[in-house]
>>> print(open('query-v4.txt').read())   # compact mmCIF, C-alpha atoms
# COMPACT_ATOMS: atom_id res chain seq x y z
CA MET A 1 0.00 0.00 0.00
CA SER A 2 2.95 2.32 0.50
CA LYS A 3 3.46 2.39 -3.28
CA LEU A 4 0.19 4.28 -3.60
CA GLY A 5 0.36 6.04 -0.29
CA LEU A 6 -1.51 9.15 -1.39
CA GLN A 7 -4.60 7.22 -2.36
CA THR A 8 -7.26 6.43 0.18
CA PHE A 9 -6.77 3.18 2.03
CA THR A 10 -9.93 1.88 0.40
CA TYR A 11 -8.36 2.71 -2.94
CA VAL A 12 -4.91 1.37 -2.29
CA VAL A 13 -5.71 -1.77 -0.39
CA ASN A 14 -7.39 -3.35 -3.35
CA ARG A 15 -4.45 -3.16 -5.68
CA GLY A 16 -1.54 -5.51 -6.08
CA ILE A 17 -1.58 -8.45 -3.70
CA SER A 18 -3.30 -6.62 -0.87
CA ILE A 19 -6.51 -7.99 0.56
CA SER A 20 -8.33 -4.88 1.69
CA THR A 21 -11.27 -2.75 0.72
CA ALA A 22 -13.31 -0.14 2.35
CA GLY A 23 -16.99 0.21 2.92
CA HIS A 24 -19.58 2.40 1.40
CA ARG A 25 -21.63 5.10 2.97
CA ASN A 26 -25.36 4.95 3.51
CA ARG A 27 -28.04 7.27 2.47
CA LEU A 28 -28.56 10.10 4.89
CA LEU A 29 -31.65 10.99 6.84
CA CYS A 30 -31.84 14.62 5.77
CA THR A 31 -33.88 17.14 7.69
CA GLN A 32 -34.32 19.65 4.89
CA SER A 33 -37.26 18.87 2.65
CA LEU A 34 -35.27 19.52 -0.51
CA ARG A 35 -32.60 17.04 0.51
CA ILE A 36 -35.27 14.48 1.40
CA ASP A 37 -36.82 14.83 -2.04
CA ARG A 38 -33.46 14.37 -3.74
CA THR A 39 -32.69 11.28 -1.67
CA GLN A 40 -36.07 9.76 -2.40
CA THR A 41 -35.57 10.47 -6.08
CA ARG A 42 -32.19 8.76 -6.02
CA ARG A 43 -33.73 5.70 -4.36
CA LEU A 44 -36.45 5.48 -6.97
CA VAL A 45 -33.92 5.73 -9.77
CA LEU A 46 -31.61 3.18 -8.19
CA SER A 47 -34.48 0.75 -7.81
CA GLN A 48 -34.94 0.95 -11.58
CA VAL A 49 -31.22 0.40 -12.07
CA ARG A 50 -31.28 -2.71 -9.88
CA SER A 51 -34.30 -4.03 -11.70
CA PHE A 52 -32.55 -3.52 -15.00
CA SER A 53 -29.30 -5.06 -13.78
CA SER A 54 -31.04 -8.18 -12.52
CA THR A 55 -31.93 -9.06 -16.10
CA ILE A 56 -28.37 -8.86 -17.34
CA LYS A 57 -26.37 -11.99 -17.99
CA HIS A 58 -23.01 -10.88 -16.68
CA SER A 59 -21.02 -13.41 -18.64
CA SER A 60 -22.25 -11.90 -21.89
CA SER A 61 -19.55 -11.04 -24.36
CA SER A 62 -21.34 -8.03 -25.83
CA SER A 63 -21.61 -4.56 -24.34
CA SER A 64 -24.91 -2.86 -23.65
CA SER A 65 -26.31 -0.34 -26.12
CA LEU A 66 -26.85 3.24 -25.04
CA SER A 67 -30.61 2.92 -25.50
CA ASP A 68 -30.74 0.02 -23.03
CA LEU A 69 -28.99 1.82 -20.16
CA PRO A 70 -30.70 2.37 -16.80
CA LEU A 71 -32.59 5.62 -16.39
CA LEU A 72 -29.95 6.81 -13.95
CA PHE A 73 -27.45 7.25 -16.77
CA ARG A 74 -29.83 8.97 -19.13
CA HIS A 75 -29.14 12.13 -17.15
CA TYR A 76 -25.59 11.96 -18.48
CA ASN A 77 -24.16 11.90 -21.97
CA LEU A 78 -22.04 8.75 -22.09
CA GLN A 79 -20.75 9.79 -25.51
CA SER A 80 -19.44 13.12 -24.22
CA PRO A 81 -15.65 13.60 -24.36
CA GLU A 82 -15.81 14.20 -20.60
CA CYS A 83 -17.32 10.76 -19.98
CA ASN A 84 -15.35 7.50 -20.00
CA VAL A 85 -18.06 5.26 -18.48
CA THR A 86 -18.75 2.50 -20.97
CA PRO A 87 -22.22 0.99 -21.51
CA LEU A 88 -20.95 -2.27 -20.03
CA ILE A 89 -19.90 -0.60 -16.78
CA ALA A 90 -23.07 1.48 -16.64
CA SER A 91 -25.20 -1.64 -17.02
CA ARG A 92 -23.64 -3.20 -13.92
CA VAL A 93 -24.47 -0.32 -11.59
CA GLY A 94 -27.07 -1.38 -9.05
CA THR A 95 -26.32 -5.10 -9.21
CA ASN A 96 -25.21 -5.04 -5.54
CA LEU A 97 -23.65 -8.48 -5.16
CA HIS A 98 -23.01 -7.68 -1.49
CA LEU A 99 -26.76 -7.74 -0.81
CA ARG A 100 -27.46 -11.14 -2.36
CA PRO A 101 -28.15 -13.90 0.19
CA LYS A 102 -25.68 -16.81 0.13
CA HIS A 103 -23.22 -14.86 -2.03
CA PRO A 104 -19.66 -15.01 -0.58
CA LEU A 105 -19.46 -11.20 -0.52
CA ASN A 106 -22.67 -11.03 1.48
CA THR A 107 -21.34 -13.62 3.93
CA ILE A 108 -18.13 -11.67 4.60
CA LYS A 109 -20.17 -8.47 4.97
CA ALA A 110 -22.54 -10.12 7.48
CA ILE A 111 -19.74 -11.57 9.62
CA ILE A 112 -18.01 -8.20 9.89
CA GLU A 113 -21.23 -6.33 10.62
CA GLU A 114 -22.21 -8.75 13.39
CA TYR A 115 -18.76 -8.42 14.95
CA TRP A 116 -18.94 -4.62 15.14
CA LYS A 117 -22.55 -4.60 16.31
CA LYS A 118 -21.43 -6.51 19.39
CA ARG A 119 -18.54 -4.14 19.99
CA ILE A 120 -20.12 -0.72 19.30
CA LYS A 121 -23.49 0.50 20.54
CA LYS A 122 -25.63 2.63 18.22
CA LEU A 123 -23.77 1.43 15.13
CA SER A 124 -25.50 2.39 11.89
CA ILE A 125 -25.28 0.18 8.79
CA HIS A 126 -25.27 1.61 5.27
CA ASP A 127 -25.21 -0.65 2.21
CA ASP A 128 -27.22 1.02 -0.54
CA MET A 129 -25.71 4.47 -1.02
CA ASP A 130 -25.64 6.10 -4.45
CA PRO A 131 -22.45 5.15 -6.33
CA ILE A 132 -22.57 8.34 -8.40
CA VAL A 133 -20.73 11.00 -6.40
CA SER A 134 -19.06 14.36 -6.85
CA THR A 135 -15.33 14.80 -7.22
CA GLN A 136 -15.59 16.97 -4.12
CA ASN A 137 -16.77 14.02 -2.02
CA ASN A 138 -14.61 11.41 -3.75
CA PHE A 139 -11.34 13.37 -3.68
CA ASP A 140 -11.33 16.92 -2.30
CA SER A 141 -13.06 16.28 1.03
CA LEU A 142 -10.54 13.50 1.73
CA LEU A 143 -7.53 15.76 1.11
CA ILE A 144 -6.41 13.83 -1.97
CA PRO A 145 -4.01 16.08 -3.95
CA LYS A 146 -5.22 17.65 -7.17
CA ASP A 147 -2.43 16.02 -9.18
CA HIS A 148 -2.78 12.54 -7.72
CA VAL A 149 -2.94 9.67 -10.20
CA SER A 150 -6.22 8.38 -8.76
CA ARG A 151 -7.94 11.47 -10.21
CA SER A 152 -6.85 10.74 -13.78
CA LYS A 153 -9.28 9.48 -16.43
CA SER A 154 -7.01 6.47 -16.89
CA ASP A 155 -7.89 5.37 -13.34
CA THR A 156 -11.37 6.75 -12.60
CA TYR A 157 -14.74 6.58 -14.39
CA TYR A 158 -15.97 10.13 -15.02
CA LEU A 159 -19.52 11.01 -16.03
CA ASN A 160 -18.45 14.63 -16.39
CA HIS A 161 -15.65 16.76 -14.99
CA GLU A 162 -17.25 16.99 -11.54
CA THR A 163 -19.09 13.65 -11.27
CA VAL A 164 -17.63 10.14 -11.00
CA LEU A 165 -18.50 6.57 -10.16
CA ARG A 166 -17.06 6.35 -6.66
CA THR A 167 -13.59 4.84 -6.49
CA HIS A 168 -13.99 4.05 -2.80
CA THR A 169 -16.72 4.15 -0.21
CA SER A 170 -14.82 6.87 1.62
CA ALA A 171 -16.63 9.18 -0.81
CA HIS A 172 -19.50 9.20 1.70
CA GLN A 173 -17.48 9.76 4.86
CA THR A 174 -17.75 13.53 5.21
CA THR A 175 -21.44 13.52 4.26
CA LEU A 176 -22.26 11.06 7.03
CA LEU A 177 -20.13 12.91 9.55
CA GLN A 178 -21.85 16.18 8.65
CA ALA A 179 -25.20 14.45 9.20
CA GLY A 180 -24.18 13.75 12.80
CA GLN A 181 -23.44 10.04 12.54
CA ASP A 182 -20.73 8.92 14.97
CA CYS A 183 -20.37 5.18 14.36
CA PHE A 184 -21.13 3.55 11.02
CA LEU A 185 -20.23 0.83 8.55
CA VAL A 186 -20.62 1.44 4.84
CA THR A 187 -20.60 -1.28 2.18
CA GLY A 188 -21.06 -1.03 -1.56
CA ASP A 189 -19.74 -1.31 -5.10
CA VAL A 190 -16.84 0.86 -6.25
CA TYR A 191 -15.43 1.43 -9.72
CA ARG A 192 -11.92 1.76 -11.15
CA ARG A 193 -10.37 1.44 -14.56
CA ASP A 194 -7.78 -1.23 -14.02
CA GLU A 195 -5.83 -4.08 -15.55
CA ILE A 196 -7.46 -7.38 -16.48
CA ASP A 197 -6.38 -10.50 -14.62
CA SER A 198 -7.69 -13.00 -12.06
CA SER A 199 -7.57 -10.54 -9.14
CA HIS A 200 -8.63 -7.25 -10.75
CA TYR A 201 -12.08 -6.21 -11.91
CA PRO A 202 -13.46 -2.75 -12.76
CA ILE A 203 -16.19 -3.18 -10.15
CA PHE A 204 -15.55 -4.50 -6.65
CA HIS A 205 -16.97 -4.07 -3.17
CA GLN A 206 -15.66 -2.31 -0.12
CA MET A 207 -16.53 -1.96 3.54
CA GLU A 208 -15.53 0.96 5.69
CA GLY A 209 -15.93 1.62 9.38
CA VAL A 210 -15.83 4.91 11.28
CA ARG A 211 -16.11 5.65 14.99
CA MET A 212 -16.02 9.15 16.49
CA PHE A 213 -15.40 9.54 20.22
CA THR A 214 -17.27 11.85 22.58
CA GLU A 215 -15.92 13.58 25.68
CA GLU A 216 -18.05 11.17 27.69
CA ASP A 217 -16.13 8.28 26.14
CA PHE A 218 -12.83 9.76 27.28
CA GLU A 219 -14.12 10.64 30.77
CA THR A 220 -15.17 7.02 31.29
CA ILE A 221 -11.62 5.90 30.51
CA GLY A 222 -9.96 8.76 32.40
CA ALA A 223 -8.18 10.31 29.42
CA THR A 224 -7.84 14.09 29.73
CA SER A 225 -4.89 15.28 27.62
CA ILE A 226 -4.88 15.32 23.81
CA PRO A 227 -2.02 12.76 23.59
CA ASP A 228 -3.86 10.44 25.98
CA LYS A 229 -7.07 10.74 23.98
CA GLU A 230 -5.27 10.07 20.70
CA GLN A 231 -3.71 6.96 22.21
CA VAL A 232 -7.11 5.76 23.42
CA VAL A 233 -8.50 6.12 19.89
CA LYS A 234 -5.54 4.32 18.32
CA ASN A 235 -5.65 1.49 20.87
CA ASP A 236 -9.40 1.04 20.39
CA LEU A 237 -8.92 0.88 16.63
CA GLN A 238 -6.14 -1.71 16.77
CA MET A 239 -7.85 -3.91 19.35
CA GLY A 240 -11.09 -3.84 17.38
CA LEU A 241 -9.44 -4.71 14.08
CA GLU A 242 -7.35 -7.50 15.57
CA GLY A 243 -10.54 -8.99 16.97
CA MET A 244 -12.21 -8.71 13.56
CA ALA A 245 -9.28 -10.45 11.88
CA LYS A 246 -9.56 -13.33 14.38
CA GLU A 247 -13.28 -13.53 13.68
CA LEU A 248 -12.51 -14.05 10.00
CA PHE A 249 -9.22 -15.97 9.98
CA GLY A 250 -9.00 -17.55 13.41
CA GLU A 251 -5.86 -17.45 15.52
CA VAL A 252 -3.18 -15.99 13.23
CA ASP A 253 -0.03 -13.95 13.68
CA MET A 254 -0.54 -10.23 13.02
CA ARG A 255 1.65 -7.19 12.59
CA TRP A 256 1.06 -3.46 12.22
CA VAL A 257 2.87 -1.40 9.61
CA ASP A 258 3.14 2.40 9.69
CA THR A 259 2.10 4.01 6.43
CA TYR A 260 0.73 7.27 5.00
CA PHE A 261 -2.75 8.25 3.85
CA PRO A 262 -3.82 11.87 3.32
CA PHE A 263 -7.03 11.42 5.31
CA THR A 264 -5.72 9.73 8.47
CA GLU A 265 -2.93 10.65 10.87
CA PRO A 266 -1.40 8.43 12.09
CA SER A 267 -2.04 5.76 9.45
CA LEU A 268 -1.57 2.00 9.75
CA GLU A 269 -1.90 -1.25 7.81
CA LEU A 270 -2.79 -4.60 9.36
CA GLU A 271 -1.11 -7.71 7.99
CA ILE A 272 -1.74 -11.33 8.95
CA TYR A 273 0.26 -14.50 8.39
CA PHE A 274 -2.08 -16.81 6.53
CA ASN A 275 -1.41 -19.75 4.20
CA ASN A 276 2.34 -19.36 4.72
CA GLN A 277 2.53 -15.73 3.66
CA TRP A 278 1.98 -12.23 5.04
CA LEU A 279 -1.18 -10.68 3.64
CA GLU A 280 -2.29 -7.08 3.90
CA VAL A 281 -5.84 -7.08 5.25
CA LEU A 282 -6.76 -3.41 5.58
CA GLY A 283 -5.73 0.20 6.00
CA CYS A 284 -6.78 2.42 8.87
CA GLY A 285 -5.92 5.36 11.07
CA VAL A 286 -7.10 8.31 13.13
CA VAL A 287 -9.33 10.57 11.01
CA HIS A 288 -7.33 13.60 9.88
CA LYS A 289 -8.03 16.68 12.00
CA ASP A 290 -8.60 18.87 8.93
CA ILE A 291 -11.39 16.57 7.74
CA VAL A 292 -13.01 16.66 11.17
CA LYS A 293 -12.87 20.46 11.30
CA ALA A 294 -14.23 20.79 7.75
CA VAL A 295 -17.39 18.86 8.69
CA GLY A 296 -18.01 21.09 11.70
CA ARG A 297 -16.88 18.76 14.46
CA GLY A 298 -14.10 20.91 15.88
CA ASP A 299 -11.29 18.87 17.43
CA GLN A 300 -13.28 15.65 17.90
CA LEU A 301 -11.24 12.45 17.54
CA GLY A 302 -12.15 9.26 15.74
CA TRP A 303 -10.85 6.38 13.65
CA ALA A 304 -11.60 4.86 10.26
CA PHE A 305 -10.70 1.63 8.47
CA GLY A 306 -11.32 0.14 5.05
CA LEU A 307 -11.17 -3.35 3.57
CA GLY A 308 -12.05 -5.17 0.35
CA LEU A 309 -14.70 -7.86 0.27
CA GLU A 310 -13.50 -9.61 -2.91
CA ARG A 311 -9.93 -9.90 -1.66
CA LEU A 312 -11.04 -11.37 1.64
CA ALA A 313 -13.55 -13.71 0.00
CA MET A 314 -11.03 -14.99 -2.56
CA VAL A 315 -8.68 -15.98 0.28
CA LEU A 316 -11.27 -17.35 2.71
CA PHE A 317 -13.34 -19.25 0.11
CA SER A 318 -10.34 -20.19 -2.11
CA ILE A 319 -11.95 -18.58 -5.16
CA PRO A 320 -9.29 -18.39 -7.91
CA ASP A 321 -10.81 -15.84 -10.30
CA ILE A 322 -12.55 -12.60 -9.40
CA ARG A 323 -14.91 -12.98 -12.39
CA LEU A 324 -16.61 -15.87 -10.63
CA PHE A 325 -18.36 -13.47 -8.27
CA TRP A 326 -20.34 -12.24 -11.28
CA THR A 327 -21.22 -15.60 -12.84
CA GLN A 328 -24.83 -16.76 -13.07
CA ASP A 329 -23.76 -20.42 -13.06
CA GLU A 330 -25.55 -22.39 -10.35
CA ARG A 331 -22.49 -24.63 -10.07
CA PHE A 332 -20.85 -21.66 -8.38
CA HIS A 333 -23.74 -20.26 -6.34
CA GLY A 334 -25.01 -23.67 -5.29
CA GLN A 335 -21.87 -24.25 -3.22
CA PHE A 336 -22.60 -21.49 -0.70
CA GLU A 337 -24.98 -20.89 2.18
CA SER A 338 -25.59 -17.65 4.05
CA GLY A 339 -23.13 -17.04 6.87
CA GLU A 340 -20.90 -20.04 6.11
CA ILE A 341 -17.31 -19.94 4.86
CA VAL A 342 -16.61 -23.01 2.75
CA THR A 343 -13.88 -23.95 0.30
CA PHE A 344 -14.90 -23.40 -3.31
CA GLN A 345 -14.71 -26.50 -5.49
CA PRO A 346 -13.79 -25.70 -9.12
CA TYR A 347 -16.43 -27.17 -11.39
CA SER A 348 -14.66 -26.78 -14.72
CA LYS A 349 -11.57 -25.55 -16.47
CA TYR A 350 -12.17 -24.70 -20.08
CA PRO A 351 -9.24 -24.20 -22.47
CA PRO A 352 -7.87 -20.68 -23.04
CA CYS A 353 -7.36 -19.04 -26.40
CA PHE A 354 -4.59 -16.50 -26.91
CA LYS A 355 -4.77 -13.59 -29.34
CA ASP A 356 -2.16 -10.86 -29.84
CA ILE A 357 -2.67 -7.33 -31.07
CA SER A 358 0.10 -4.87 -31.95
CA PHE A 359 -0.21 -1.22 -32.87
CA TRP A 360 1.69 2.03 -33.13
CA THR A 361 0.72 4.57 -30.47
CA ARG A 362 2.99 7.58 -31.04
CA ARG A 363 6.47 8.82 -31.81
CA ALA A 364 9.07 8.28 -29.09
CA GLY A 365 9.48 11.31 -26.85
CA VAL A 366 6.17 12.79 -28.00
CA GLU A 367 3.47 13.20 -25.38
CA SER A 368 0.62 10.75 -25.81
CA GLU A 369 -2.70 10.30 -24.02
CA PHE A 370 -2.59 6.53 -24.51
CA HIS A 371 -2.55 4.47 -21.31
CA PRO A 372 -2.64 0.64 -21.04
CA ASN A 373 -5.87 0.98 -19.05
CA ASP A 374 -7.44 2.43 -22.20
CA MET A 375 -6.71 -0.80 -24.05
CA PHE A 376 -8.00 -2.88 -21.14
CA GLU A 377 -11.25 -0.92 -21.29
CA VAL A 378 -11.65 -1.53 -25.04
CA VAL A 379 -11.18 -5.28 -24.58
CA ARG A 380 -13.47 -5.41 -21.56
CA ASP A 381 -16.25 -3.52 -23.31
CA VAL A 382 -16.13 -5.91 -26.28
CA ALA A 383 -15.66 -9.27 -24.58
CA GLY A 384 -16.83 -8.70 -21.00
CA ASP A 385 -16.16 -11.64 -18.70
CA LEU A 386 -14.98 -13.84 -21.57
CA VAL A 387 -11.57 -12.23 -21.12
CA GLU A 388 -9.39 -13.78 -18.43
CA ARG A 389 -6.28 -11.65 -18.83
CA VAL A 390 -4.72 -8.89 -20.93
CA GLU A 391 -0.95 -8.45 -20.78
CA LEU A 392 1.33 -5.82 -22.24
CA MET A 393 3.91 -8.15 -23.75
CA ASP A 394 6.26 -5.73 -25.49
CA VAL A 395 7.01 -2.07 -26.09
CA PHE A 396 9.07 -1.50 -29.23
CA VAL A 397 10.66 1.72 -30.45
CA HIS A 398 11.50 1.70 -34.16
CA PRO A 399 15.22 2.52 -34.53
CA LYS A 400 14.73 4.70 -37.60
CA THR A 401 11.36 6.39 -37.15
CA ASP A 402 11.22 6.51 -33.33
CA ARG A 403 7.63 5.31 -33.51
CA VAL A 404 6.44 3.41 -30.43
CA SER A 405 4.59 0.11 -30.70
CA ASN A 406 2.75 -1.87 -28.01
CA CYS A 407 1.91 -5.55 -28.18
CA PHE A 408 -0.88 -6.92 -25.98
CA ARG A 409 -1.77 -10.57 -25.46
CA ILE A 410 -5.44 -11.30 -24.77
CA THR A 411 -6.43 -14.52 -23.03
CA TYR A 412 -10.01 -15.53 -23.79
CA ARG A 413 -11.55 -18.13 -21.51
CA SER A 414 -15.11 -18.61 -20.31
CA MET A 415 -15.70 -19.83 -16.77
CA ASP A 416 -18.83 -21.69 -17.83
CA ARG A 417 -18.35 -23.15 -21.32
CA SER A 418 -15.97 -23.76 -24.21
CA LEU A 419 -15.57 -20.92 -26.69
CA THR A 420 -15.55 -21.57 -30.43
CA ASN A 421 -12.85 -20.31 -32.77
CA GLU A 422 -15.46 -18.38 -34.74
CA GLU A 423 -16.70 -16.68 -31.58
CA ILE A 424 -13.22 -15.65 -30.50
CA ASP A 425 -12.24 -14.48 -33.99
CA ALA A 426 -15.31 -12.24 -34.09
CA LEU A 427 -14.46 -10.75 -30.69
CA GLN A 428 -10.86 -10.16 -31.67
CA GLU A 429 -11.90 -8.40 -34.87
CA ARG A 430 -14.12 -6.08 -32.84
CA VAL A 431 -11.25 -5.39 -30.45
CA ARG A 432 -9.00 -4.46 -33.38
CA SER A 433 -11.65 -2.21 -34.88
CA ASP A 434 -12.49 -0.48 -31.59
CA ALA A 435 -8.81 0.06 -30.77
CA VAL A 436 -8.41 2.04 -33.97
CA GLN A 437 -11.68 3.92 -33.62
CA LYS A 438 -11.54 4.74 -29.90
CA LEU A 439 -7.82 5.00 -29.22
CA GLY A 440 -6.59 6.40 -32.54
CA VAL A 441 -3.83 3.78 -32.85
CA GLU A 442 -2.45 2.30 -36.06
CA LEU A 443 -2.56 -1.50 -36.29
CA ARG A 444 0.58 -3.35 -37.30
>>> encode(input="query-v4.txt", output="structure tokens")
Amino acid sequence: MSKLGLQTFTYVVNRGISISTAGHRNRLLCTQSLRIDRTQTRRLVLSQVRSFSSTIKHSSSSSSSLSDLPLLFRHYNLQSPECNVTPLIASRVGTNLHLRPKHPLNTIKAIIEEYWKKRIKKLSIHDDMDPIVSTQNNFDSLLIPKDHVSRSKSDTYYLNHETVLRTHTSAHQTTLLQAGQDCFLVTGDVYRRDEIDSSHYPIFHQMEGVRMFTEEDFETIGATSIPDKEQVVKNDLQMGLEGMAKELFGEVDMRWVDTYFPFTEPSLELEIYFNNQWLEVLGCGVVHKDIVKAVGRGDQLGWAFGLGLERLAMVLFSIPDIRLFWTQDERFHGQFESGEIVTFQPYSKYPPCFKDISFWTRRAGVESEFHPNDMFEVVRDVAGDLVERVELMDVFVHPKTDRVSNCFRITYRSMDRSLTNEEIDALQERVRSDAVQKLGVELR
């Protein structure tokens, strides 16, 4: 996580080999009538999105047409130069795998929620908050620098210059704090443009926890000075998270690692020794004082943590491919019961098919807007979950012309059936065509 230290812990924890994610924020109980109307409107729209999403076969190899998109996205121009949300991604909004009974993500969510309910009184649970948020809430309110990579269109899905699909559930933190909530868990879907492999997916699920302390809390413990209070908060955070890790993984060795996040100070990562290796479970820390002041809470102290449901579920259920969470195959879903952690039994292994694509992107030394994530998005929008992996195999600079060429290898493999050569050839031809049309590259 230190490699991406400026990103929120919910953002960082879910990259690389880390296991964390952070939770979402719930809808607020607003007192102003205008805010109530807007919230109710959002809920009505989201219900239509969920209804639409429930009809989608997520293993489909074709992207959704603009005319078929949920009503929620008809308020935005997905063909605008400002927007990089594809029809495929838009069609998945509102699916809410974390709310489906028996689903592994729902089981992990339930175990964590029950743990914290026993530990914290008056804990509020939020798991259906609107995934469309402002850049102010997603970045600015969390003190994420203006030039940070997480803000770039190569990493984040923008609907317009000031509206995004949330990249972490921390996007709701300041809103909930401003609404007067002191202790809450937030779970939901988050969205990031990312590479394609067995552990990365453009949509995943996070859970975040926040607890703010009152003066009465400190008086009960006998803490009076600021340093003593800060230590009480930090100790409560670490003890609580160690207990949560034991609830999930049993008796395991743990260690704390100091790190940096812009929204917590101090900041920590929890690692556990599991299956003969150290695994990063989550990021956490004391909520940054500037965030607390900005939401009108003065010098109040509190902590926050974030973790990733897919990462945890893949380890605990031994699920080898993140795409499986989205399958409609009963051979997958039939293996699980609500609240039970069981070892997933692979039901098939269909043969892969490899296809390469090479193209010129630019002249060497000349600034280019091309990013590998752009190619990943083209492939994903054409082939959906029929793509297992996309790798950048080679970058070649022509010795005479200084032109730069990239070669990508695409691994096609369905989790549920064998693919035909004709089917794969048709997908690859669409990938080649879309790469030229959408990225402006020249095929080799």
>>> atom_distance(input="query-v4.txt", atom1="CA of His168 in chain A", atom2="CA of Ile132 in chain A")
11.1 Å
>>> atom_distance(input="query-v4.txt", atom1="CA of Thr167 in chain A", atom2="CA of Leu72 in chain A")
18.1 Å
>>> axis_aligned_box(input="query-v4.txt", around="range 391-407 of chain A", padding_each_side="5 Å", output="AutoDock Vina command-line options")
--center_x 7.1 --center_y -1.0 --center_z -29.2 --size_x 26.2 --size_y 25.0 --size_z 26.8
>>> atom_distance(input="query-v4.txt", atom1="CA of Thr95 in chain A", atom2="CA of Gly180 in chain A")
29.1 Å
>>> closest_residue(input="query-v4.txt", among="A:Phe332, A:Tyr412, A:Tyr350, A:Phe213", to="Gly384 in chain A", atoms="all atoms listed in the file")
A:Tyr412
>>> residues_around(input="query-v4.txt", residues="Tyr191 in chain A", least_positions_apart="5", cutoff="9 Å", atoms="only C-alpha atoms", output="compact mmCIF listing (two decimals) with C-alpha atoms, in the coordinates of the input")
# COMPACT_ATOMS: atom_id res chain seq x y z
CA ILE A 89 -19.90 -0.60 -16.78
CA PRO A 131 -22.45 5.15 -6.33
CA THR A 156 -11.37 6.75 -12.60
CA TYR A 157 -14.74 6.58 -14.39
CA LEU A 165 -18.50 6.57 -10.16
CA ARG A 166 -17.06 6.35 -6.66
CA THR A 167 -13.59 4.84 -6.49
CA HIS A 168 -13.99 4.05 -2.80
CA TYR A 201 -12.08 -6.21 -11.91
CA PRO A 202 -13.46 -2.75 -12.76
CA ILE A 203 -16.19 -3.18 -10.15
CA PHE A 204 -15.55 -4.50 -6.65
CA HIS A 205 -16.97 -4.07 -3.17
>>> residues_around(input="query-v4.txt", residues="Glu388 in chain A", least_positions_apart="4", cutoff="12 Å", atoms="all atoms listed in the file", output="PyMOL selection string")
chain A and resi 59+195-201+320-324+350-355+376+379-380+383-384+409-415
>>> closest_residue(input="query-v4.txt", among="A:Asn137, A:Val315, A:Glu247, A:Asp130", to="Gln277 in chain A", atoms="only C-alpha atoms")
A:Val315
>>> residues_around(input="query-v4.txt", residues="range 227-233 of chain A", least_positions_apart="4", cutoff="12 Å", atoms="only C-alpha atoms", output="PyMOL selection string")
chain A and resi 210-223+237-240+265-266+284-289+299-304
>>> closest_residue(input="query-v4.txt", among="A:Gly94, A:Pro346, A:Pro101, A:Pro399", to="Asp416 in chain A", atoms="only C-alpha atoms")
A:Pro346
>>> closest_residue(input="query-v4.txt", among="A:Gly209, A:Gly334, A:Pro81, A:Pro145", to="Ile120 in chain A", atoms="all atoms listed in the file")
A:Gly209
>>> closest_residue(input="query-v4.txt", among="A:Ile226, A:Asp182, A:Val378, A:Pro372", to="Leu88 in chain A", atoms="only C-alpha atoms")
A:Val378
>>> closest_residue(input="query-v4.txt", among="A:Thr420, A:Gln437, A:Ser267, A:Ser170", to="Leu307 in chain A", atoms="all atoms listed in the file")
A:Ser170
>>> decode(input="query-v4.txt", residues="range 259-268 of chain A", atoms="N, CA and C atoms", output="PDB file, in the first residue's frame")
ATOM      1  N   THR A 259       2.193   3.610   7.836  1.00  0.00           N
ATOM      2  CA  THR A 259       2.100   4.012   6.433  1.00  0.00           C
ATOM      3  C   THR A 259       1.609   5.446   6.369  1.00  0.00           C
ATOM      4  N   TYR A 260       1.223   5.904   5.175  1.00  0.00           N
ATOM      5  CA  TYR A 260       0.726   7.269   5.004  1.00  0.00           C
ATOM      6  C   TYR A 260      -0.531   7.272   4.148  1.00  0.00           C
ATOM      7  N   PHE A 261      -1.569   7.935   4.630  1.00  0.00           N
ATOM      8  CA  PHE A 261      -2.752   8.252   3.855  1.00  0.00           C
ATOM      9  C   PHE A 261      -3.051   9.726   4.102  1.00  0.00           C
ATOM     10  N   PRO A 262      -3.570  10.439   3.118  1.00  0.00           N
ATOM     11  CA  PRO A 262      -3.822  11.867   3.316  1.00  0.00           C
ATOM     12  C   PRO A 262      -4.974  12.163   4.263  1.00  0.00           C
ATOM     13  N   PHE A 263      -5.811  11.173   4.527  1.00  0.00           N
ATOM     14  CA  PHE A 263      -7.034  11.417   5.306  1.00  0.00           C
ATOM     15  C   PHE A 263      -6.979  10.873   6.709  1.00  0.00           C
ATOM     16  N   THR A 264      -5.888  10.201   7.094  1.00  0.00           N
ATOM     17  CA  THR A 264      -5.715   9.728   8.470  1.00  0.00           C
ATOM     18  C   THR A 264      -4.317  10.080   8.962  1.00  0.00           C
ATOM     19  N   GLU A 265      -4.223  10.335  10.261  1.00  0.00           N
ATOM     20  CA  GLU A 265      -2.929  10.650  10.871  1.00  0.00           C
ATOM     21  C   GLU A 265      -2.999  10.353  12.368  1.00  0.00           C
ATOM     22  N   PRO A 266      -2.285   9.307  12.850  1.00  0.00           N
ATOM     23  CA  PRO A 266      -1.398   8.428  12.093  1.00  0.00           C
ATOM     24  C   PRO A 266      -2.177   7.420  11.241  1.00  0.00           C
ATOM     25  N   SER A 267      -1.451   6.748  10.351  1.00  0.00           N
ATOM     26  CA  SER A 267      -2.044   5.756   9.453  1.00  0.00           C
ATOM     27  C   SER A 267      -1.336   4.420   9.619  1.00  0.00           C
ATOM     28  N   LEU A 268      -2.106   3.331   9.521  1.00  0.00           N
ATOM     29  CA  LEU A 268      -1.567   1.996   9.754  1.00  0.00           C
ATOM     30  C   LEU A 268      -2.135   0.998   8.754  1.00  0.00           C
TER      31      LEU A 268
END
